[in-house]
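To start, the structure under review is shown below, and the notes come after it.
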Amino acid sequence: MEKLRFSIFINAPREKVWETMLNEDTYREWTKVFDPGSHYEGSWDEGSKILFLGPSKDGMEQGMVSRIKENRLHEFISIEHLGIVKDGVEDTTSEAAKKWAPAYENYAFVEKDGGTELSVEIDMEEENKKMFEEMWPKALQILKEITER
């Protein structure tokens, strides 16, 4: 597993970037790049379980079982991915789940030049690296546009 890193400058206070990124409605907007219908169920509170979900071709939920490892309001959030959701069933013990979990997805919000530098660091398997290297900049650009409206 290797780390992918992305960043974007958003012309808004970090509190607004944080709220836009994590708000249920706007989350669906900027994450549609990864999977139309992407959403989450759960809480962003530190220590909380959270599911990142999207519909599969047959309409069943698929995605990731995760936990909020760290949450420093408007500064930093760390997501620990623990397993997968397949056909609506959480799985943290199969070989498919263990192949990449635990993996981390970290967001840092830094005040800069009257706006916010949002940095993302993600643990990624080699087989998905190229796909996410193309998707993440697009997703961050949508987040920027939504936040700056």
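Within each chain, counting starts at residue 1; across the structure tokens, chains are named A, B, ... in the order shown, with ligands numbered 1 upward in that order.
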Wanna dump the segment 60-146 of chain A-segment 2-7 of chain A contacts at 7 Å for me, each residue with its shortest atom pair and the distance in Å to one decimal, counting only C-alpha atoms, ordered by chain and number, as CSV?
residue,atom,partner,partner_atom,distance
A:Glu117,CA,A:Ser7,CA,6.8
A:Leu118,CA,A:Ser7,CA,5.4
A:Ser119,CA,A:Ser7,CA,4.2
A:Val120,CA,A:Phe6,CA,5.1
A:Glu121,CA,A:Arg5,CA,4.5
A:Ile122,CA,A:Leu4,CA,5.2
A:Asp123,CA,A:Lys3,CA,4.5
A:Met124,CA,A:Glu2,CA,5.4
A:Glu125,CA,A:Glu2,CA,6.6
Enumerate the residues of chain A with a DSSP assignment of alpha helix (DSSP H), computed from the backbone, and present them as a count of residues only.
43
Strand (DSSP E) residues, from DSSP on the backbone, in chain A, as an MDAnalysis selection string:
chainID A and resid 2:10 39:42 49:55 61:72 76:86 89:91 103:112 115:124
Find the distance between atom CA of His74 of chain A and atom CA of Val33 of chain A and write it in Å to one decimal.
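Between atom CA of His74 of chain A and atom CA of Val33 of chain A the gap works out to 23.8 Å.
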When distances are computed from only C-alpha atoms, which of A:Ser78, A:Thr20, A:Thr31, A:Thr26 shows the smallest separation from Gly47 of chain A?
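Between A:Ser78, A:Thr20, A:Thr31, A:Thr26, the residue approaching Gly47 of chain A most closely is A:Ser78.
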Within 7 Å of Ile79 of chain A using only C-alpha atoms, minus same-chain residues under 6 positions, as a list in words
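These residues fall inside the cut-off: Ser66, Arg67, Ile68, Lys69, Tyr104, Glu105 and Asn106 of chain A.
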Skipping near chain neighbours, those fewer than 4 positions away, what residues fall within 12 Å of Glu148 of chain A using only C-alpha atoms, listed as number ranges by chain?
A: 9-14, 16-17, 20-21, 115-116, 141-144
Give me, please, the distance in Å between atom CA of Glu90 of chain A and atom CA of Gln62 of chain A, quoted to one decimal.
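If I compute the distance from atom CA of Glu90 of chain A to atom CA of Gln62 of chain A, I get 8.9 Å.
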For Ile84 of chain A, find every residue with an atom within 12 Å (counting only C-alpha atoms), except residues of its own chain fewer than 3 positions away, and show them as a compact mmCIF listing (two decimals) with N, CA, C and O atoms, in the first residue's frame.
# COMPACT_ATOMS: atom_id res chain seq x y z
N ILE A 50 -18.63 4.75 10.75
CA ILE A 50 -19.24 5.42 9.62
C ILE A 50 -19.12 4.50 8.41
O ILE A 50 -18.11 3.82 8.23
N LEU A 51 -20.17 4.42 7.63
CA LEU A 51 -20.18 3.62 6.40
C LEU A 51 -20.17 4.57 5.21
O LEU A 51 -20.95 5.52 5.16
N PHE A 52 -19.31 4.31 4.24
CA PHE A 52 -19.27 5.05 3.00
C PHE A 52 -19.86 4.14 1.93
O PHE A 52 -19.30 3.07 1.66
N LEU A 53 -20.98 4.55 1.36
CA LEU A 53 -21.78 3.64 0.55
C LEU A 53 -22.12 4.21 -0.81
O LEU A 53 -22.15 5.42 -1.02
N GLY A 54 -22.44 3.31 -1.71
CA GLY A 54 -22.96 3.64 -3.02
C GLY A 54 -23.70 2.43 -3.54
O GLY A 54 -23.48 1.31 -3.07
N GLU A 61 -26.39 -2.01 -1.49
CA GLU A 61 -25.35 -1.10 -1.02
C GLU A 61 -23.99 -1.79 -1.05
O GLU A 61 -23.86 -2.97 -0.72
N GLN A 62 -22.98 -1.01 -1.44
CA GLN A 62 -21.59 -1.48 -1.39
C GLN A 62 -20.74 -0.32 -0.92
O GLN A 62 -21.14 0.83 -1.03
N GLY A 63 -19.58 -0.62 -0.36
CA GLY A 63 -18.71 0.46 0.09
C GLY A 63 -17.72 0.02 1.14
O GLY A 63 -17.20 -1.09 1.08
N MET A 64 -17.52 0.90 2.14
CA MET A 64 -16.49 0.68 3.14
C MET A 64 -17.05 0.84 4.55
O MET A 64 -17.89 1.70 4.80
N VAL A 65 -16.55 -0.01 5.46
CA VAL A 65 -16.82 0.09 6.88
C VAL A 65 -15.63 0.85 7.48
O VAL A 65 -14.49 0.43 7.28
N SER A 66 -15.91 1.92 8.19
CA SER A 66 -14.83 2.77 8.67
C SER A 66 -15.11 3.28 10.08
O SER A 66 -16.20 3.13 10.61
N GLU A 80 -10.30 5.76 9.42
CA GLU A 80 -9.66 4.45 9.38
C GLU A 80 -10.63 3.48 8.71
O GLU A 80 -11.71 3.22 9.23
N HIS A 81 -10.26 2.99 7.54
CA HIS A 81 -11.11 2.04 6.83
C HIS A 81 -10.82 0.64 7.36
O HIS A 81 -9.67 0.19 7.37
N ASP A 87 -23.08 -6.13 -1.04
CA ASP A 87 -24.48 -6.56 -1.06
C ASP A 87 -25.17 -6.22 0.26
O ASP A 87 -25.96 -6.99 0.78
N GLY A 88 -24.82 -5.06 0.81
CA GLY A 88 -25.45 -4.59 2.03
C GLY A 88 -24.94 -5.22 3.30
O GLY A 88 -25.43 -4.93 4.39
N VAL A 89 -23.91 -6.09 3.22
CA VAL A 89 -23.38 -6.80 4.39
C VAL A 89 -21.98 -6.27 4.72
O VAL A 89 -21.11 -6.21 3.85
N GLU A 90 -21.77 -5.92 5.99
CA GLU A 90 -20.46 -5.45 6.45
C GLU A 90 -19.51 -6.64 6.59
O GLU A 90 -19.89 -7.68 7.12
N ASP A 91 -18.28 -6.46 6.13
CA ASP A 91 -17.27 -7.52 6.16
C ASP A 91 -15.92 -6.94 6.57
O ASP A 91 -15.36 -6.11 5.86
N THR A 92 -15.43 -7.37 7.72
CA THR A 92 -14.11 -6.93 8.17
C THR A 92 -13.15 -8.10 8.34
O THR A 92 -12.02 -7.91 8.76
N THR A 93 -13.59 -9.32 7.99
CA THR A 93 -12.78 -10.50 8.27
C THR A 93 -12.35 -11.31 7.04
O THR A 93 -11.44 -12.12 7.14
N SER A 94 -12.99 -11.11 5.91
CA SER A 94 -12.64 -11.90 4.72
C SER A 94 -11.28 -11.48 4.18
O SER A 94 -10.74 -10.43 4.52
N GLU A 95 -10.72 -12.29 3.29
CA GLU A 95 -9.46 -11.95 2.64
C GLU A 95 -9.59 -10.66 1.83
O GLU A 95 -8.67 -9.85 1.78
N ALA A 96 -10.74 -10.47 1.19
CA ALA A 96 -10.95 -9.24 0.40
C ALA A 96 -10.87 -8.01 1.29
O ALA A 96 -10.29 -6.99 0.90
N ALA A 97 -11.45 -8.09 2.49
CA ALA A 97 -11.41 -6.96 3.42
C ALA A 97 -10.01 -6.77 4.00
O ALA A 97 -9.50 -5.65 4.09
N LYS A 98 -9.38 -7.86 4.38
CA LYS A 98 -8.06 -7.79 5.02
C LYS A 98 -6.97 -7.37 4.04
O LYS A 98 -5.91 -6.92 4.45
N LYS A 99 -7.25 -7.53 2.75
CA LYS A 99 -6.26 -7.21 1.71
C LYS A 99 -5.80 -5.75 1.79
O LYS A 99 -4.66 -5.44 1.53
N TRP A 100 -6.71 -4.88 2.19
CA TRP A 100 -6.34 -3.46 2.21
C TRP A 100 -6.64 -2.75 3.53
O TRP A 100 -6.22 -1.60 3.72
N ALA A 101 -7.35 -3.39 4.43
CA ALA A 101 -7.67 -2.75 5.70
C ALA A 101 -6.69 -3.20 6.77
O ALA A 101 -6.27 -4.36 6.77
N PRO A 102 -6.29 -2.34 7.68
CA PRO A 102 -6.75 -0.96 7.77
C PRO A 102 -6.02 -0.05 6.77
O PRO A 102 -4.85 -0.26 6.46
N ALA A 103 -6.73 0.93 6.31
CA ALA A 103 -6.19 1.97 5.44
C ALA A 103 -6.70 3.30 5.99
O ALA A 103 -7.77 3.35 6.60
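Our summary of the geometry notes that atom CA of Lys86 of chain A is positioned 18.9 Å from atom CA of Lys32 of chain A.
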As an mmCIF file with all heavy atoms, in the first residue's frame, please: the residues near Leu73 of chain A (cut-off 12 Å, only C-alpha atoms, same-chain neighbours under 6 positions excluded).
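Okay, this is what ended up in out20.cif:
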data_model
loop_
_atom_site.group_PDB
_atom_site.id
_atom_site.type_symbol
_atom_site.label_atom_id
_atom_site.label_comp_id
_atom_site.auth_asym_id
_atom_site.auth_seq_id
_atom_site.Cartn_x
_atom_site.Cartn_y
_atom_site.Cartn_z
ATOM 1 N N ARG A 14 -11.613 27.902 6.594
ATOM 2 C CA ARG A 14 -11.562 26.449 6.775
ATOM 3 C C ARG A 14 -12.831 25.893 7.413
ATOM 4 O O ARG A 14 -13.206 24.760 7.141
ATOM 5 C CB ARG A 14 -10.315 26.030 7.533
ATOM 6 C CG ARG A 14 -10.235 26.488 8.943
ATOM 7 C CD ARG A 14 -8.912 26.097 9.549
ATOM 8 N NE ARG A 14 -8.879 26.522 10.936
ATOM 9 C CZ ARG A 14 -7.930 26.240 11.764
ATOM 10 N NH1 ARG A 14 -6.917 25.519 11.372
ATOM 11 N NH2 ARG A 14 -7.973 26.653 12.999
ATOM 12 N N GLU A 15 -13.538 26.705 8.228
ATOM 13 C CA GLU A 15 -14.800 26.246 8.805
ATOM 14 C C GLU A 15 -15.823 25.945 7.705
ATOM 15 O O GLU A 15 -16.535 24.953 7.763
ATOM 16 C CB GLU A 15 -15.382 27.300 9.772
ATOM 17 C CG GLU A 15 -14.549 27.538 11.014
ATOM 18 C CD GLU A 15 -13.380 28.503 10.811
ATOM 19 O OE1 GLU A 15 -13.196 29.047 9.691
ATOM 20 O OE2 GLU A 15 -12.630 28.713 11.784
ATOM 21 N N LYS A 16 -15.858 26.795 6.682
ATOM 22 C CA LYS A 16 -16.796 26.590 5.576
ATOM 23 C C LYS A 16 -16.381 25.382 4.731
ATOM 24 O O LYS A 16 -17.227 24.598 4.288
ATOM 25 C CB LYS A 16 -16.906 27.838 4.707
ATOM 26 C CG LYS A 16 -17.946 27.676 3.612
ATOM 27 C CD LYS A 16 -18.197 28.938 2.841
ATOM 28 C CE LYS A 16 -19.303 28.695 1.822
ATOM 29 N NZ LYS A 16 -19.461 29.797 0.888
ATOM 30 N N VAL A 17 -15.079 25.226 4.497
ATOM 31 C CA VAL A 17 -14.594 24.075 3.727
ATOM 32 C C VAL A 17 -14.966 22.787 4.462
ATOM 33 O O VAL A 17 -15.487 21.840 3.869
ATOM 34 C CB VAL A 17 -13.065 24.161 3.493
ATOM 35 C CG1 VAL A 17 -12.568 22.914 2.775
ATOM 36 C CG2 VAL A 17 -12.713 25.420 2.711
ATOM 37 N N TRP A 18 -14.718 22.766 5.759
ATOM 38 C CA TRP A 18 -15.046 21.607 6.610
ATOM 39 C C TRP A 18 -16.531 21.267 6.500
ATOM 40 O O TRP A 18 -16.902 20.120 6.241
ATOM 41 C CB TRP A 18 -14.662 21.938 8.048
ATOM 42 C CG TRP A 18 -14.986 20.915 9.088
ATOM 43 C CD1 TRP A 18 -16.203 20.693 9.664
ATOM 44 C CD2 TRP A 18 -14.087 19.990 9.701
ATOM 45 N NE1 TRP A 18 -16.110 19.691 10.605
ATOM 46 C CE2 TRP A 18 -14.820 19.250 10.641
ATOM 47 C CE3 TRP A 18 -12.731 19.741 9.547
ATOM 48 C CZ2 TRP A 18 -14.247 18.263 11.427
ATOM 49 C CZ3 TRP A 18 -12.160 18.756 10.333
ATOM 50 C CH2 TRP A 18 -12.913 18.025 11.264
ATOM 51 N N GLU A 19 -17.375 22.270 6.722
ATOM 52 C CA GLU A 19 -18.830 22.047 6.702
ATOM 53 C C GLU A 19 -19.299 21.576 5.330
ATOM 54 O O GLU A 19 -20.133 20.669 5.226
ATOM 55 C CB GLU A 19 -19.581 23.315 7.122
ATOM 56 C CG GLU A 19 -19.337 23.744 8.552
ATOM 57 C CD GLU A 19 -19.732 22.699 9.589
ATOM 58 O OE1 GLU A 19 -20.722 21.990 9.388
ATOM 59 O OE2 GLU A 19 -19.031 22.601 10.620
ATOM 60 N N LEU A 22 -18.215 17.851 4.715
ATOM 61 C CA LEU A 22 -18.843 16.812 5.523
ATOM 62 C C LEU A 22 -20.367 16.856 5.565
ATOM 63 O O LEU A 22 -20.990 15.891 5.997
ATOM 64 C CB LEU A 22 -18.300 16.878 6.961
ATOM 65 C CG LEU A 22 -16.780 16.763 7.100
ATOM 66 C CD1 LEU A 22 -16.393 16.787 8.564
ATOM 67 C CD2 LEU A 22 -16.240 15.533 6.409
ATOM 68 N N TRP A 44 -19.429 11.756 12.084
ATOM 69 C CA TRP A 44 -18.046 12.198 11.920
ATOM 70 C C TRP A 44 -17.359 12.396 13.271
ATOM 71 O O TRP A 44 -16.218 12.844 13.327
ATOM 72 C CB TRP A 44 -17.994 13.492 11.108
ATOM 73 C CG TRP A 44 -18.418 13.314 9.688
ATOM 74 C CD1 TRP A 44 -19.649 13.593 9.157
ATOM 75 C CD2 TRP A 44 -17.643 12.801 8.608
ATOM 76 N NE1 TRP A 44 -19.664 13.288 7.814
ATOM 77 C CE2 TRP A 44 -18.443 12.799 7.457
ATOM 78 C CE3 TRP A 44 -16.333 12.336 8.511
ATOM 79 C CZ2 TRP A 44 -17.981 12.367 6.219
ATOM 80 C CZ3 TRP A 44 -15.867 11.905 7.274
ATOM 81 C CH2 TRP A 44 -16.692 11.920 6.141
ATOM 82 N N ASP A 45 -18.040 12.068 14.374
ATOM 83 C CA ASP A 45 -17.453 12.215 15.705
ATOM 84 C C ASP A 45 -16.304 11.225 15.889
ATOM 85 O O ASP A 45 -16.393 10.066 15.454
ATOM 86 C CB ASP A 45 -18.497 11.975 16.800
ATOM 87 C CG ASP A 45 -19.598 13.021 16.806
ATOM 88 O OD1 ASP A 45 -19.362 14.149 16.328
ATOM 89 O OD2 ASP A 45 -20.703 12.709 17.288
ATOM 90 N N GLU A 46 -15.244 11.669 16.566
ATOM 91 C CA GLU A 46 -14.097 10.808 16.818
ATOM 92 C C GLU A 46 -14.530 9.523 17.516
ATOM 93 O O GLU A 46 -15.311 9.555 18.467
ATOM 94 C CB GLU A 46 -13.071 11.558 17.677
ATOM 95 C CG GLU A 46 -11.760 10.810 17.818
ATOM 96 C CD GLU A 46 -10.675 11.685 18.419
ATOM 97 O OE1 GLU A 46 -10.406 12.776 17.877
ATOM 98 O OE2 GLU A 46 -10.097 11.265 19.438
ATOM 99 N N TYR A 107 -7.479 14.231 6.171
ATOM 100 C CA TYR A 107 -7.741 15.556 5.624
ATOM 101 C C TYR A 107 -7.203 16.609 6.577
ATOM 102 O O TYR A 107 -7.520 16.582 7.762
ATOM 103 C CB TYR A 107 -9.246 15.793 5.453
ATOM 104 C CG TYR A 107 -9.909 14.829 4.508
ATOM 105 C CD1 TYR A 107 -10.375 13.598 4.945
ATOM 106 C CD2 TYR A 107 -10.091 15.156 3.166
ATOM 107 C CE1 TYR A 107 -10.985 12.701 4.080
ATOM 108 C CE2 TYR A 107 -10.703 14.268 2.291
ATOM 109 C CZ TYR A 107 -11.147 13.051 2.753
ATOM 110 O OH TYR A 107 -11.748 12.177 1.898
ATOM 111 N N ALA A 108 -6.404 17.544 6.069
ATOM 112 C CA ALA A 108 -5.892 18.653 6.862
ATOM 113 C C ALA A 108 -6.388 19.965 6.253
ATOM 114 O O ALA A 108 -6.341 20.147 5.029
ATOM 115 C CB ALA A 108 -4.366 18.634 6.903
ATOM 116 N N PHE A 109 -6.868 20.860 7.104
ATOM 117 C CA PHE A 109 -7.434 22.146 6.710
ATOM 118 C C PHE A 109 -6.529 23.236 7.294
ATOM 119 O O PHE A 109 -6.499 23.429 8.509
ATOM 120 C CB PHE A 109 -8.845 22.301 7.275
ATOM 121 C CG PHE A 109 -9.793 21.212 6.857
ATOM 122 C CD1 PHE A 109 -9.723 19.946 7.432
ATOM 123 C CD2 PHE A 109 -10.770 21.451 5.905
ATOM 124 C CE1 PHE A 109 -10.605 18.935 7.053
ATOM 125 C CE2 PHE A 109 -11.645 20.449 5.519
ATOM 126 C CZ PHE A 109 -11.567 19.189 6.088
ATOM 127 N N VAL A 110 -5.790 23.947 6.433
ATOM 128 C CA VAL A 110 -4.818 24.937 6.897
ATOM 129 C C VAL A 110 -5.176 26.307 6.325
ATOM 130 O O VAL A 110 -5.334 26.454 5.100
ATOM 131 C CB VAL A 110 -3.384 24.535 6.465
ATOM 132 C CG1 VAL A 110 -2.374 25.592 6.882
ATOM 133 C CG2 VAL A 110 -3.021 23.172 7.040
#
